[in-house]
file upload-v5.cif (mmCIF, C-alpha atoms)
data_my_file
loop_
_atom_site.label_atom_id
_atom_site.label_comp_id
_atom_site.auth_asym_id
_atom_site.auth_seq_id
_atom_site.Cartn_x
_atom_site.Cartn_y
_atom_site.Cartn_z
CA MET H 1 -97.47 0.84 71.48
CA LYS H 2 -95.40 3.39 73.33
CA THR H 3 -94.09 0.66 75.64
CA ALA H 4 -93.24 -1.54 72.65
CA ARG H 5 -91.24 1.28 71.06
CA LEU H 6 -89.24 1.63 74.27
CA LEU H 7 -88.59 -2.08 74.67
CA LEU H 8 -87.43 -2.67 71.08
CA PRO H 9 -84.14 -0.68 71.39
CA LEU H 10 -83.44 -2.39 74.71
CA ALA H 11 -83.94 -5.80 73.17
CA GLN H 12 -81.67 -4.92 70.25
CA ALA H 13 -78.97 -3.61 72.60
CA SER H 14 -79.08 -6.73 74.75
CA ALA H 15 -78.87 -8.99 71.69
CA THR H 16 -75.94 -7.18 70.06
CA PRO H 17 -73.17 -8.52 72.36
CA ALA H 18 -74.23 -12.13 71.79
CA MET H 19 -74.38 -11.76 68.02
CA ALA H 20 -71.06 -9.92 67.89
CA GLN H 21 -69.40 -12.39 70.29
CA THR H 22 -68.38 -9.65 72.68
CA THR H 23 -66.57 -10.51 75.92
CA THR H 24 -65.57 -8.28 78.82
CA THR H 25 -63.55 -9.54 81.78
CA LEU H 26 -63.04 -7.91 85.16
CA TYR H 27 -59.71 -8.94 86.67
CA GLY H 28 -57.23 -7.98 89.35
CA ILE H 29 -54.57 -8.88 91.90
CA ILE H 30 -54.37 -8.06 95.61
CA ASP H 31 -51.04 -8.61 97.40
CA ALA H 32 -50.40 -7.69 101.04
CA GLY H 33 -47.90 -8.71 103.69
CA VAL H 34 -45.82 -7.86 106.74
CA ASN H 35 -42.17 -6.79 106.34
CA TYR H 36 -39.13 -6.71 108.54
CA LEU H 37 -36.55 -4.31 107.14
CA SER H 38 -33.02 -3.70 108.46
CA ASN H 39 -31.01 -0.48 108.55
CA GLN H 40 -33.72 2.18 108.70
CA GLY H 41 -32.73 5.09 110.93
CA GLY H 42 -30.19 2.85 112.61
CA HIS H 43 -32.81 0.24 113.53
CA GLY H 44 -34.86 -2.58 112.11
CA THR H 45 -38.50 -1.75 111.35
CA TRP H 46 -41.74 -3.70 111.01
CA SER H 47 -44.47 -2.59 108.61
CA MET H 48 -47.35 -3.76 106.47
CA ASP H 49 -46.76 -3.20 102.77
CA THR H 50 -48.66 -4.11 99.63
CA GLY H 51 -47.89 -4.79 96.01
CA LEU H 52 -44.41 -6.27 96.40
CA LEU H 53 -44.80 -9.76 94.97
CA SER H 54 -47.37 -8.46 92.48
CA PRO H 55 -48.75 -4.95 91.94
CA ASN H 56 -52.29 -4.45 93.22
CA LEU H 57 -54.28 -4.17 89.99
CA PHE H 58 -57.90 -3.67 88.98
CA GLY H 59 -58.81 -3.78 85.32
CA LEU H 60 -61.15 -4.51 82.47
CA ARG H 61 -60.24 -6.23 79.23
CA GLY H 62 -62.49 -7.18 76.38
CA SER H 63 -62.85 -8.14 72.75
CA GLU H 64 -65.43 -8.13 69.99
CA ALA H 65 -65.33 -10.51 67.03
CA LEU H 66 -65.41 -8.57 63.75
CA GLY H 67 -65.24 -11.52 61.39
CA ASN H 68 -62.49 -12.82 59.08
CA ASP H 69 -60.16 -13.69 62.00
CA LEU H 70 -60.25 -10.09 63.24
CA LYS H 71 -61.39 -8.75 66.59
CA ALA H 72 -61.36 -5.45 68.44
CA VAL H 73 -59.58 -5.51 71.82
CA PHE H 74 -59.21 -3.13 74.73
CA THR H 75 -57.67 -2.97 78.21
CA LEU H 76 -58.20 -0.47 81.03
CA GLU H 77 -56.02 -1.11 84.08
CA GLY H 78 -55.22 0.81 87.25
CA GLN H 79 -53.15 0.26 90.37
CA PHE H 80 -54.06 0.78 94.01
CA ALA H 81 -52.63 0.42 97.52
CA ALA H 82 -54.29 -2.43 99.39
CA ASP H 83 -53.42 -1.00 102.83
CA ASN H 84 -55.58 2.12 102.43
CA GLY H 85 -57.42 1.64 99.13
CA ALA H 86 -55.90 4.73 97.54
CA SER H 87 -55.30 4.83 93.80
CA VAL H 88 -51.65 4.72 92.74
CA GLY H 89 -51.52 7.26 89.95
CA PRO H 90 -54.40 7.92 87.53
CA LEU H 91 -57.49 5.70 87.51
CA PHE H 92 -56.21 3.71 84.51
CA GLY H 93 -52.57 4.64 84.89
CA ARG H 94 -51.16 1.16 84.24
CA GLN H 95 -52.66 0.46 80.82
CA ALA H 96 -55.30 2.05 78.62
CA TYR H 97 -55.44 0.99 74.99
CA VAL H 98 -57.66 -0.15 72.13
CA GLY H 99 -56.76 -2.02 68.97
CA LEU H 100 -57.22 -4.86 66.52
CA SER H 101 -56.03 -8.45 66.85
CA SER H 102 -55.73 -11.44 64.54
CA THR H 103 -54.45 -14.94 65.23
CA SER H 104 -52.79 -14.87 61.79
CA TRP H 105 -50.73 -11.64 61.96
CA GLY H 106 -50.81 -10.31 65.54
CA THR H 107 -52.10 -7.31 67.48
CA LEU H 108 -52.00 -3.57 66.78
CA THR H 109 -52.91 -1.30 69.71
CA LEU H 110 -52.95 2.42 70.53
CA GLY H 111 -52.79 4.11 73.95
CA LYS H 112 -50.75 3.74 77.16
CA GLN H 113 -48.85 0.45 77.02
CA TYR H 114 -45.89 -1.63 78.20
CA ASP H 115 -42.72 -1.49 76.13
CA PHE H 116 -40.81 -4.54 74.94
CA SER H 117 -38.18 -4.37 77.68
CA PHE H 118 -41.00 -5.54 79.93
CA ASP H 119 -42.84 -7.82 77.48
CA MET H 120 -39.80 -9.76 76.28
CA LEU H 121 -37.39 -9.57 79.23
CA GLY H 122 -40.11 -9.89 81.88
CA PRO H 123 -42.97 -12.37 81.27
CA GLY H 124 -41.56 -13.40 77.89
CA ARG H 125 -38.28 -14.53 79.46
CA TYR H 126 -39.59 -15.97 82.73
CA GLY H 127 -42.52 -17.83 81.19
CA PRO H 128 -44.26 -20.00 83.82
CA SER H 129 -41.94 -18.62 86.53
CA PHE H 130 -43.16 -15.02 86.11
CA PRO H 131 -45.87 -15.13 88.85
CA MET H 132 -43.10 -15.79 91.40
CA ILE H 133 -41.08 -12.70 90.42
CA GLY H 134 -41.54 -9.92 92.95
CA LEU H 135 -40.66 -6.26 92.56
CA TYR H 136 -37.83 -6.87 95.05
CA ASN H 137 -36.20 -9.24 92.51
CA LEU H 138 -35.71 -6.28 90.16
CA ARG H 139 -33.72 -3.05 90.04
CA LEU H 140 -32.92 -0.01 92.21
CA GLY H 141 -29.66 -0.09 94.24
CA PRO H 142 -27.13 2.76 94.64
CA PHE H 143 -27.58 4.07 91.09
CA GLY H 144 -29.41 7.36 91.63
CA GLY H 145 -26.84 9.12 89.47
CA LEU H 146 -28.37 7.41 86.45
CA GLY H 147 -31.18 9.96 86.70
CA VAL H 148 -34.24 8.01 85.54
CA PRO H 149 -37.01 10.66 85.53
CA GLY H 150 -40.04 10.10 87.75
CA MET H 151 -38.67 6.96 89.39
CA PRO H 152 -37.86 6.56 93.14
CA GLY H 153 -34.19 7.16 93.81
CA GLY H 154 -33.63 8.11 90.16
CA ALA H 155 -33.04 4.44 89.40
CA MET H 156 -36.13 2.37 90.15
CA ASP H 157 -36.63 -0.24 87.39
CA PHE H 158 -33.91 1.44 85.31
CA ASP H 159 -33.82 -1.39 82.74
CA GLY H 160 -37.61 -1.61 82.42
CA VAL H 161 -37.95 -5.32 83.25
CA ALA H 162 -40.47 -4.55 86.03
CA GLY H 163 -42.72 -2.54 83.71
CA ALA H 164 -42.86 0.27 86.27
CA LYS H 165 -43.09 2.93 83.56
CA ARG H 166 -45.43 2.53 80.60
CA VAL H 167 -45.40 4.51 77.34
CA ASP H 168 -48.02 7.20 76.72
CA ASN H 169 -49.30 8.11 73.26
CA SER H 170 -47.97 4.89 71.79
CA VAL H 171 -48.67 2.67 68.79
CA LYS H 172 -47.62 -0.95 69.32
CA PHE H 173 -47.52 -4.05 67.13
CA THR H 174 -46.91 -7.56 68.47
CA SER H 175 -46.77 -10.37 65.95
CA ALA H 176 -48.43 -13.74 66.15
CA SER H 177 -46.16 -16.70 66.88
CA TYR H 178 -44.53 -18.15 63.78
CA GLY H 179 -43.11 -21.51 64.78
CA GLY H 180 -42.16 -20.08 68.19
CA LEU H 181 -40.83 -16.75 66.83
CA THR H 182 -42.54 -13.58 68.07
CA PHE H 183 -41.48 -9.98 67.45
CA GLY H 184 -42.82 -6.48 67.84
CA ALA H 185 -42.20 -2.75 67.83
CA LEU H 186 -43.59 0.31 69.63
CA TYR H 187 -43.43 4.04 69.00
CA GLY H 188 -44.48 6.65 71.54
CA PHE H 189 -45.12 10.13 70.19
CA GLY H 190 -43.41 12.93 72.11
CA GLU H 191 -46.10 15.36 70.96
CA GLN H 192 -43.76 18.36 71.15
CA PRO H 193 -44.74 21.16 68.73
CA GLY H 194 -42.20 21.56 65.94
CA SER H 195 -40.29 18.35 66.76
CA MET H 196 -40.86 14.68 66.05
CA GLY H 197 -37.92 13.59 68.19
CA GLN H 198 -38.32 15.40 71.50
CA GLY H 199 -39.85 13.17 74.15
CA ARG H 200 -40.41 10.23 71.81
CA THR H 201 -39.97 6.56 72.74
CA TYR H 202 -39.17 3.60 70.56
CA SER H 203 -38.98 -0.03 71.61
CA ALA H 204 -38.58 -3.35 69.84
CA GLY H 205 -38.26 -6.96 70.88
CA VAL H 206 -38.01 -10.52 69.69
CA SER H 207 -38.41 -13.92 71.33
CA TYR H 208 -38.04 -17.52 70.26
CA ALA H 209 -39.50 -20.35 72.31
CA ARG H 210 -39.11 -23.99 71.41
CA GLY H 211 -39.58 -26.97 73.68
CA PRO H 212 -37.79 -26.46 77.00
CA PHE H 213 -35.97 -23.23 76.14
CA ALA H 214 -36.68 -19.63 75.16
CA LEU H 215 -34.46 -16.71 74.10
CA THR H 216 -35.52 -13.06 74.25
CA ALA H 217 -34.05 -9.66 73.36
CA ALA H 218 -35.31 -6.08 73.56
CA ILE H 219 -34.25 -2.45 73.22
CA THR H 220 -36.03 0.67 74.47
CA ASP H 221 -34.98 4.31 74.00
CA ALA H 222 -37.14 6.79 75.92
CA ARG H 223 -36.41 10.49 75.62
CA ASN H 224 -37.72 12.62 78.47
CA ALA H 225 -38.40 16.33 78.91
CA ALA H 226 -36.32 16.27 82.11
CA ILE H 227 -33.18 15.18 80.20
CA ASN H 228 -31.72 17.79 77.82
CA ASN H 229 -35.16 19.23 77.05
CA GLY H 230 -36.44 15.94 75.68
CA ASN H 231 -33.57 15.43 73.24
CA ASP H 232 -31.98 12.68 75.37
CA GLY H 233 -33.16 10.02 77.75
CA ILE H 234 -32.65 6.48 79.01
CA ARG H 235 -31.67 3.75 76.53
CA THR H 236 -31.64 0.13 77.61
CA TRP H 237 -31.14 -3.17 75.84
CA GLY H 238 -31.04 -6.70 77.10
CA LEU H 239 -30.72 -10.40 76.29
CA GLY H 240 -32.27 -13.20 78.30
CA GLY H 241 -33.50 -16.74 78.27
CA ARG H 242 -34.86 -19.69 80.20
CA TYR H 243 -34.44 -23.45 80.11
CA GLN H 244 -36.55 -26.12 81.76
CA LEU H 245 -34.39 -28.81 83.30
CA GLY H 246 -36.67 -31.49 84.67
CA ALA H 247 -39.01 -29.76 87.13
CA ALA H 248 -36.73 -26.71 87.51
CA VAL H 249 -36.87 -23.64 85.27
CA LEU H 250 -33.52 -21.83 84.94
CA ASN H 251 -33.34 -18.22 83.78
CA ALA H 252 -30.61 -15.71 82.92
CA LEU H 253 -30.53 -12.04 81.90
CA TYR H 254 -28.09 -9.31 80.87
CA THR H 255 -29.13 -5.67 80.52
CA ASN H 256 -27.24 -2.48 79.67
CA THR H 257 -28.82 0.88 80.55
CA ARG H 258 -27.41 4.30 79.63
CA ASN H 259 -28.33 7.95 80.16
CA THR H 260 -27.69 9.23 76.64
CA PHE H 261 -27.03 12.79 77.90
CA THR H 262 -24.68 12.22 80.86
CA GLY H 263 -23.09 8.95 79.68
CA GLY H 264 -23.81 7.24 83.00
CA SER H 265 -24.54 3.55 82.57
CA VAL H 266 -25.39 0.46 84.62
CA GLN H 267 -25.12 -3.18 83.61
CA VAL H 268 -26.91 -6.13 85.20
CA ALA H 269 -26.18 -9.86 85.15
CA GLN H 270 -28.89 -11.99 86.74
CA VAL H 271 -29.47 -15.74 87.15
CA GLY H 272 -32.17 -17.66 88.93
CA THR H 273 -34.31 -20.76 89.13
CA THR H 274 -37.78 -21.82 90.19
CA LEU H 275 -38.40 -25.38 91.31
CA PRO H 276 -41.13 -27.31 93.10
CA VAL H 277 -40.02 -28.48 96.55
CA ALA H 278 -43.26 -30.11 97.78
CA ALA H 279 -46.91 -30.40 96.86
CA SER H 280 -48.24 -26.93 95.91
CA THR H 281 -44.92 -25.38 97.04
CA THR H 282 -42.45 -23.57 94.77
CA LEU H 283 -39.06 -22.03 95.57
CA LEU H 284 -37.54 -19.14 93.62
CA LEU H 285 -33.80 -18.45 93.99
CA ASP H 286 -32.30 -15.34 92.40
CA TYR H 287 -28.90 -13.63 92.25
CA GLN H 288 -27.88 -10.47 90.44
CA TYR H 289 -24.84 -8.27 90.14
CA GLN H 290 -25.27 -4.65 89.07
CA TRP H 291 -22.34 -2.38 88.24
CA ALA H 292 -21.97 1.20 86.99
CA ASN H 293 -19.32 2.91 84.87
CA ALA H 294 -16.86 5.61 85.95
CA THR H 295 -19.39 8.38 85.30
CA LEU H 296 -21.39 6.94 88.21
CA ASN H 297 -18.28 6.37 90.37
CA LYS H 298 -18.25 2.63 89.64
CA VAL H 299 -20.79 1.85 92.35
CA HIS H 300 -22.08 -1.70 92.36
CA ALA H 301 -24.48 -4.02 94.18
CA HIS H 302 -24.82 -7.73 94.87
CA GLN H 303 -28.33 -8.99 95.59
CA ALA H 304 -29.58 -12.47 96.51
CA SER H 305 -33.16 -13.47 97.23
CA ALA H 306 -35.34 -16.48 97.95
CA THR H 307 -39.13 -16.66 97.71
CA LEU H 308 -41.13 -19.67 98.91
CA GLY H 309 -44.72 -19.80 97.64
CA TYR H 310 -47.53 -22.12 98.72
CA ALA H 311 -50.64 -22.38 96.53
CA LEU H 312 -53.77 -22.43 98.68
CA SER H 313 -55.85 -22.66 95.50
CA LYS H 314 -55.54 -21.76 91.83
CA ARG H 315 -56.11 -18.10 92.69
CA THR H 316 -54.70 -17.66 96.19
CA ASP H 317 -51.20 -18.23 97.56
CA ALA H 318 -49.13 -17.45 100.63
CA TYR H 319 -45.43 -16.73 100.49
CA ALA H 320 -42.28 -15.90 102.43
CA ALA H 321 -39.39 -13.89 100.97
CA LEU H 322 -35.84 -13.09 102.04
CA VAL H 323 -33.80 -10.48 100.15
CA TYR H 324 -30.28 -9.25 100.87
CA GLN H 325 -28.42 -6.49 99.04
CA ARG H 326 -24.89 -5.21 99.54
CA ALA H 327 -23.69 -2.03 97.82
CA GLY H 328 -20.13 -0.82 97.33
CA GLY H 329 -17.58 0.64 94.95
CA ALA H 330 -17.60 4.20 96.26
CA PRO H 331 -17.81 5.99 99.62
CA GLY H 332 -21.40 6.57 100.62
CA ALA H 333 -22.90 3.92 98.34
CA THR H 334 -26.05 2.68 100.07
CA ALA H 335 -28.19 -0.38 99.42
CA TRP H 336 -31.79 0.03 98.29
CA ILE H 337 -33.99 -2.96 97.47
CA ALA H 338 -36.59 -2.28 94.76
CA GLY H 339 -40.09 -1.62 96.06
CA LEU H 340 -39.05 -0.35 99.49
CA ASN H 341 -39.77 3.19 100.64
CA GLY H 342 -36.18 4.27 101.15
CA PRO H 343 -32.52 3.30 101.06
CA SER H 344 -30.56 1.67 103.81
CA ASP H 345 -28.46 3.70 106.25
CA GLY H 346 -25.42 1.75 105.08
CA LYS H 347 -24.06 -0.62 102.50
CA THR H 348 -26.45 -3.49 103.31
CA GLN H 349 -30.19 -3.94 103.44
CA THR H 350 -32.24 -7.02 104.33
CA LEU H 351 -35.93 -7.62 103.74
CA VAL H 352 -37.99 -10.42 105.30
CA ARG H 353 -41.59 -10.61 104.13
CA LEU H 354 -44.61 -12.81 104.85
CA GLY H 355 -47.56 -12.21 102.57
CA MET H 356 -50.53 -13.53 100.65
CA ARG H 357 -51.93 -12.81 97.21
CA HIS H 358 -55.28 -13.32 95.53
CA MET H 359 -55.97 -13.13 91.80
CA PHE H 360 -59.42 -12.71 90.32
#
call {"tool": "encode", "arguments": {"input": "upload-v5.cif", "output": "C-alpha cells"}}
result
Amino acid sequence: MKTARLLLPLAQASATPAMAQTTTTLYGIIDAGVNYLSNQGGHGTWSMDTGLLSPNLFGLRGSEALGNDLKAVFTLEGQFAADNGASVGPLFGRQAYVGLSSTSWGTLTLGKQYDFSFDMLGPGRYGPSFPMIGLYNLRLGPFGGLGVPGMPGGAMDFDGVAGAKRVDNSVKFTSASYGGLTFGALYGFGEQPGSMGQGRTYSAGVSYARGPFALTAAITDARNAAINNGNDGIRTWGLGGRYQLGAAVLNALYTNTRNTFTGGSVQVAQVGTTLPVAASTTLLLDYQYQWANATLNKVHAHQASATLGYALSKRTDAYAALVYQRAGGAPGATAWIAGLNGPSDGKTQTLVRLGMRHMF
C-alpha cells in the first residue's frame, strides 16, 4: 500500500505532459572557424574565433496547450564561447521569458527579450537569407563617439539589427499575421524609484510580406543610466525590405541612430543579395555605407563582404567569408569590423574566415 501511494503521484506527473500537450525543445548553434585579420599591431594575425556567422547558443523553449487556441510559452537561452566553453554573460543572458500565445491574436511575453529593431530589420527583413548573415555583416566602424553603453567600441550593433543587446524587464506583444501584416510593441521598465521614464525602453515594429517581397520598419528608444542619468539614450529607426528575383533574394536597409543627449548620429544604407551558385552552395554579397553627422566629426565607413556557404546537411554547413572595411572622414578614423576583438591600426581592415557551423 505504501508503495502504491508513492507510485500514484509519479504516474500522475508523468501523464500530465501528454494530456496537456506539453512540448520542450533543446536547441543550439555552434560556430567556429579560423581567421586571418589585417592591420593588427602593424601585422596580419591568424586566430581561431567563434560565433561570427552565428552566435554560439544553447537554449530551451517550450509550450503547453491551455485550450481555446491558447498556449503558454517560454524560452531560456544563453550564449557561450566554443573555443573554451566559457559562458558569455549570464547563464540565460540572451533570452529569458514566459508568456501566452494564440494563432488568432499573437503572443504576449514578459522577461528579457529582443526588441523590434532586431525582429523586423533582422530576420523579418532577411527572411530565408537570415542564416547567411554574419555578425561581420553588421555594425561597428569608427563611430565610438556615438557612446552606446556596454557595447565594444561604444558602437557595436548601434542600430540593433544584430540583436546584440536585449531588453530587460520587458513586456512584448507580437501580433499574428493578418494577410501578411504583422506588428508589435515592447516596453522595458527602467525600474528607477520615483521615475517611470529613467532607464525605460520602448520599441515598435511592423512588417508586410506578400509573395516575393516584404517591407519592414521599426523604432527603438532605449534610455540608459550611463547617459544623462537614464533620462537619455540611443534612439534608432529603420526601414528595410527584400524581394525574390528568380533564385536570388535582394535586400535593402536604411537606419538612423542618434544619441539623444549628445546629438551624435550615424546613418546606414545597406544592400545585398543571396543566390544559389551550385548544388547546396549559396553566395551572400553585401555592401554598406555608414556616415556620421558633424557632432561625430563626419566620420564614415564603406564595407563590402562576401560569404560562400556549403550545406553538408540540413544542420551542418561550411563557409568562407571575406570582409573589407575602409574608414575615413576625419584624421585618426580607424576601421573596425563588427565581431572582431579590436580596431585596425589604420583606415582599412580585412577579414578572411574559414569556418563551420552546426545547428541542433
call {"tool": "resolve_selection", "arguments": {"input": "upload-v5.cif", "expression": "the PyMOL selection byres ((chain H and resi 162) around 10)", "output": "PyMOL selection string"}}
result
chain H and resi 114+117-119+121-123+133-139+156-161+163-165+338
call {"tool": "atom_distance", "arguments": {"input": "upload-v5.cif", "atom1": "atom CA of H:Ala217", "atom2": "atom CA of H:Tyr254"}}
result
9.6 Å
call {"tool": "closest_atom_pairs", "arguments": {"input": "upload-v5.cif", "of": "stretch 44-109 of chain H", "to": "stretch 179-203 of chain H", "cutoff": "12 Å", "atoms": "all atoms listed in the file", "output": "Markdown table"}}
result
| residue | atom | partner | partner_atom | distance |
| --- | --- | --- | --- | --- |
| H:Trp105 | CA | H:Thr182 | CA | 10.4 |
| H:Gly106 | CA | H:Gly184 | CA | 9.2 |
| H:Thr107 | CA | H:Gly184 | CA | 9.3 |
| H:Leu108 | CA | H:Gly184 | CA | 9.7 |
| H:Thr109 | CA | H:Leu186 | CA | 9.5 |
call {"tool": "atom_distance", "arguments": {"input": "upload-v5.cif", "atom1": "atom CA of H:Asn341", "atom2": "atom CA of H:Ser265"}}
result
23.6 Å
call {"tool": "resolve_selection", "arguments": {"input": "upload-v5.cif", "expression": "the PyMOL selection byres ((chain H and resi 320) around 6)", "output": "list in words"}}
result
Thr307, Leu308, Tyr319, Ala321, Arg353 and Leu354 of chain H
call {"tool": "closest_residue", "arguments": {"input": "upload-v5.cif", "among": "H:Tyr97, H:Tyr36, H:Phe213, H:Phe130", "to": "H:Leu53", "atoms": "all atoms listed in the file"}}
result
H:Phe130
call {"tool": "closest_residue", "arguments": {"input": "upload-v5.cif", "among": "H:Asn84, H:Thr282, H:Ser63, H:Asn251", "to": "H:Ser102", "atoms": "only C-alpha atoms"}}
result
H:Ser63
call {"tool": "resolve_selection", "arguments": {"input": "upload-v5.cif", "expression": "the PyMOL selection byres ((chain H and resi 30) around 6)", "output": "ChimeraX atom specification"}}
result
/H:29,31,56,357-358
call {"tool": "write_last_selection", "arguments": {"input": "upload-v5.cif", "atoms": "C-alpha atoms", "output": "CSV table (one decimal), keeping the file's coordinate frame"}}
result
chain,number,residue,atom,x,y,z
H,29,ILE,CA,-54.6,-8.9,91.9
H,31,ASP,CA,-51.0,-8.6,97.4
H,56,ASN,CA,-52.3,-4.4,93.2
H,357,ARG,CA,-51.9,-12.8,97.2
H,358,HIS,CA,-55.3,-13.3,95.5
call {"tool": "atom_distance", "arguments": {"input": "upload-v5.cif", "atom1": "atom CA of H:Gly67", "atom2": "atom CA of H:Thr22"}}
result
11.9 Å
call {"tool": "axis_aligned_box", "arguments": {"input": "upload-v5.cif", "around": "stretch 181-198 of chain H", "padding_each_side": "5 Å", "output": "lines of an AutoDock Vina configuration file"}}
result
center_x = -42.0
center_y = 2.4
center_z = 69.0
size_x = 18.2
size_y = 48.3
size_z = 16.2
call {"tool": "residues_around", "arguments": {"input": "upload-v5.cif", "residues": "H:Ala86", "least_positions_apart": "6", "cutoff": "12 Å", "atoms": "only C-alpha atoms", "output": "PyMOL selection string"}}
result
chain H and resi 50+56-57+78-80
call {"tool": "write_last_selection", "arguments": {"input": "upload-v5.cif", "atoms": "C-alpha atoms", "output": "PDB file, in the coordinates of the input"}}
result
ATOM      1  CA  THR H  50     -48.660  -4.110  99.630  1.00  0.00           C
ATOM      2  CA  ASN H  56     -52.290  -4.450  93.220  1.00  0.00           C
ATOM      3  CA  LEU H  57     -54.280  -4.170  89.990  1.00  0.00           C
ATOM      4  CA  GLY H  78     -55.220   0.810  87.250  1.00  0.00           C
ATOM      5  CA  GLN H  79     -53.150   0.260  90.370  1.00  0.00           C
ATOM      6  CA  PHE H  80     -54.060   0.780  94.010  1.00  0.00           C
TER       7      PHE H  80
END
call {"tool": "residues_around", "arguments": {"input": "upload-v5.cif", "residues": "H:Gly33", "least_positions_apart": "4", "cutoff": "6 Å", "atoms": "only C-alpha atoms", "output": "list of chain:residue names"}}
result
H:Met48, H:Asp49, H:Leu354, H:Gly355
call {"tool": "residues_around", "arguments": {"input": "upload-v5.cif", "residues": "H:Gly272", "least_positions_apart": "2", "cutoff": "8 Å", "atoms": "all atoms listed in the file", "output": "list in words"}}
result
Leu250, Asn251, Ala252, Gln270, Thr274, Leu284, Leu285, Asp286 and Tyr287 of chain H
call {"tool": "residues_near_point", "arguments": {"input": "upload-v5.cif", "point": "(-16.9, 2.1, 84.4)", "cutoff": "12 Å", "atoms": "only C-alpha atoms", "output": "NGL selection string"}}
result
:H and (258 or 263-267 or 290-300 or 329)
call {"tool": "decode", "arguments": {"input": "upload-v5.cif", "residues": "stretch 216-235 of chain H", "atoms": "N, CA and C atoms", "output": "PDB file, in the first residue's frame"}}
result
ATOM      1  N   THR H 216       9.610  46.145 -44.061  1.00  0.00           N
ATOM      2  CA  THR H 216       9.651  46.165 -42.606  1.00  0.00           C
ATOM      3  C   THR H 216      10.058  47.548 -42.114  1.00  0.00           C
ATOM      4  N   ALA H 217       9.642  47.878 -40.891  1.00  0.00           N
ATOM      5  CA  ALA H 217      10.019  49.146 -40.261  1.00  0.00           C
ATOM      6  C   ALA H 217      10.040  48.942 -38.754  1.00  0.00           C
ATOM      7  N   ALA H 218      10.912  49.677 -38.065  1.00  0.00           N
ATOM      8  CA  ALA H 218      10.993  49.554 -36.607  1.00  0.00           C
ATOM      9  C   ALA H 218      11.590  50.812 -36.009  1.00  0.00           C
ATOM     10  N   ILE H 219      11.261  51.054 -34.730  1.00  0.00           N
ATOM     11  CA  ILE H 219      11.865  52.130 -33.956  1.00  0.00           C
ATOM     12  C   ILE H 219      12.116  51.608 -32.551  1.00  0.00           C
ATOM     13  N   THR H 220      13.269  51.972 -31.982  1.00  0.00           N
ATOM     14  CA  THR H 220      13.605  51.598 -30.610  1.00  0.00           C
ATOM     15  C   THR H 220      14.252  52.797 -29.933  1.00  0.00           C
ATOM     16  N   ASP H 221      13.779  53.117 -28.728  1.00  0.00           N
ATOM     17  CA  ASP H 221      14.359  54.202 -27.932  1.00  0.00           C
ATOM     18  C   ASP H 221      14.705  53.625 -26.564  1.00  0.00           C
ATOM     19  N   ALA H 222      16.020  53.505 -26.295  1.00  0.00           N
ATOM     20  CA  ALA H 222      16.484  52.873 -25.061  1.00  0.00           C
ATOM     21  C   ALA H 222      17.257  53.880 -24.224  1.00  0.00           C
ATOM     22  N   ARG H 223      16.655  54.330 -23.130  1.00  0.00           N
ATOM     23  CA  ARG H 223      17.365  55.186 -22.189  1.00  0.00           C
ATOM     24  C   ARG H 223      18.294  54.333 -21.336  1.00  0.00           C
ATOM     25  N   ASN H 224      19.408  54.933 -20.903  1.00  0.00           N
ATOM     26  CA  ASN H 224      20.415  54.162 -20.186  1.00  0.00           C
ATOM     27  C   ASN H 224      20.982  54.992 -19.049  1.00  0.00           C
ATOM     28  N   ALA H 225      21.242  54.346 -17.925  1.00  0.00           N
ATOM     29  CA  ALA H 225      21.745  55.053 -16.748  1.00  0.00           C
ATOM     30  C   ALA H 225      23.058  55.764 -17.025  1.00  0.00           C
ATOM     31  N   ALA H 226      23.824  55.286 -18.014  1.00  0.00           N
ATOM     32  CA  ALA H 226      25.113  55.889 -18.332  1.00  0.00           C
ATOM     33  C   ALA H 226      24.984  57.161 -19.176  1.00  0.00           C
ATOM     34  N   ILE H 227      23.777  57.472 -19.652  1.00  0.00           N
ATOM     35  CA  ILE H 227      23.562  58.650 -20.489  1.00  0.00           C
ATOM     36  C   ILE H 227      22.593  59.591 -19.776  1.00  0.00           C
ATOM     37  N   ASN H 228      23.108  60.697 -19.260  1.00  0.00           N
ATOM     38  CA  ASN H 228      22.301  61.712 -18.573  1.00  0.00           C
ATOM     39  C   ASN H 228      21.421  61.092 -17.487  1.00  0.00           C
ATOM     40  N   ASN H 229      22.051  60.228 -16.679  1.00  0.00           N
ATOM     41  CA  ASN H 229      21.367  59.612 -15.536  1.00  0.00           C
ATOM     42  C   ASN H 229      20.084  58.862 -15.914  1.00  0.00           C
ATOM     43  N   GLY H 230      20.086  58.279 -17.091  1.00  0.00           N
ATOM     44  CA  GLY H 230      18.935  57.491 -17.516  1.00  0.00           C
ATOM     45  C   GLY H 230      17.820  58.287 -18.141  1.00  0.00           C
ATOM     46  N   ASN H 231      18.026  59.598 -18.327  1.00  0.00           N
ATOM     47  CA  ASN H 231      16.995  60.431 -18.950  1.00  0.00           C
ATOM     48  C   ASN H 231      17.156  60.533 -20.464  1.00  0.00           C
ATOM     49  N   ASP H 232      18.276  60.028 -20.987  1.00  0.00           N
ATOM     50  CA  ASP H 232      18.515  59.985 -22.436  1.00  0.00           C
ATOM     51  C   ASP H 232      19.094  58.628 -22.787  1.00  0.00           C
ATOM     52  N   GLY H 233      19.290  58.430 -24.095  1.00  0.00           N
ATOM     53  CA  GLY H 233      19.814  57.144 -24.524  1.00  0.00           C
ATOM     54  C   GLY H 233      20.054  57.102 -26.016  1.00  0.00           C
ATOM     55  N   ILE H 234      19.883  55.909 -26.589  1.00  0.00           N
ATOM     56  CA  ILE H 234      20.107  55.684 -28.016  1.00  0.00           C
ATOM     57  C   ILE H 234      18.764  55.403 -28.681  1.00  0.00           C
ATOM     58  N   ARG H 235      18.428  56.240 -29.667  1.00  0.00           N
ATOM     59  CA  ARG H 235      17.180  56.063 -30.430  1.00  0.00           C
ATOM     60  C   ARG H 235      17.535  55.689 -31.858  1.00  0.00           C
TER      61      ARG H 235
END
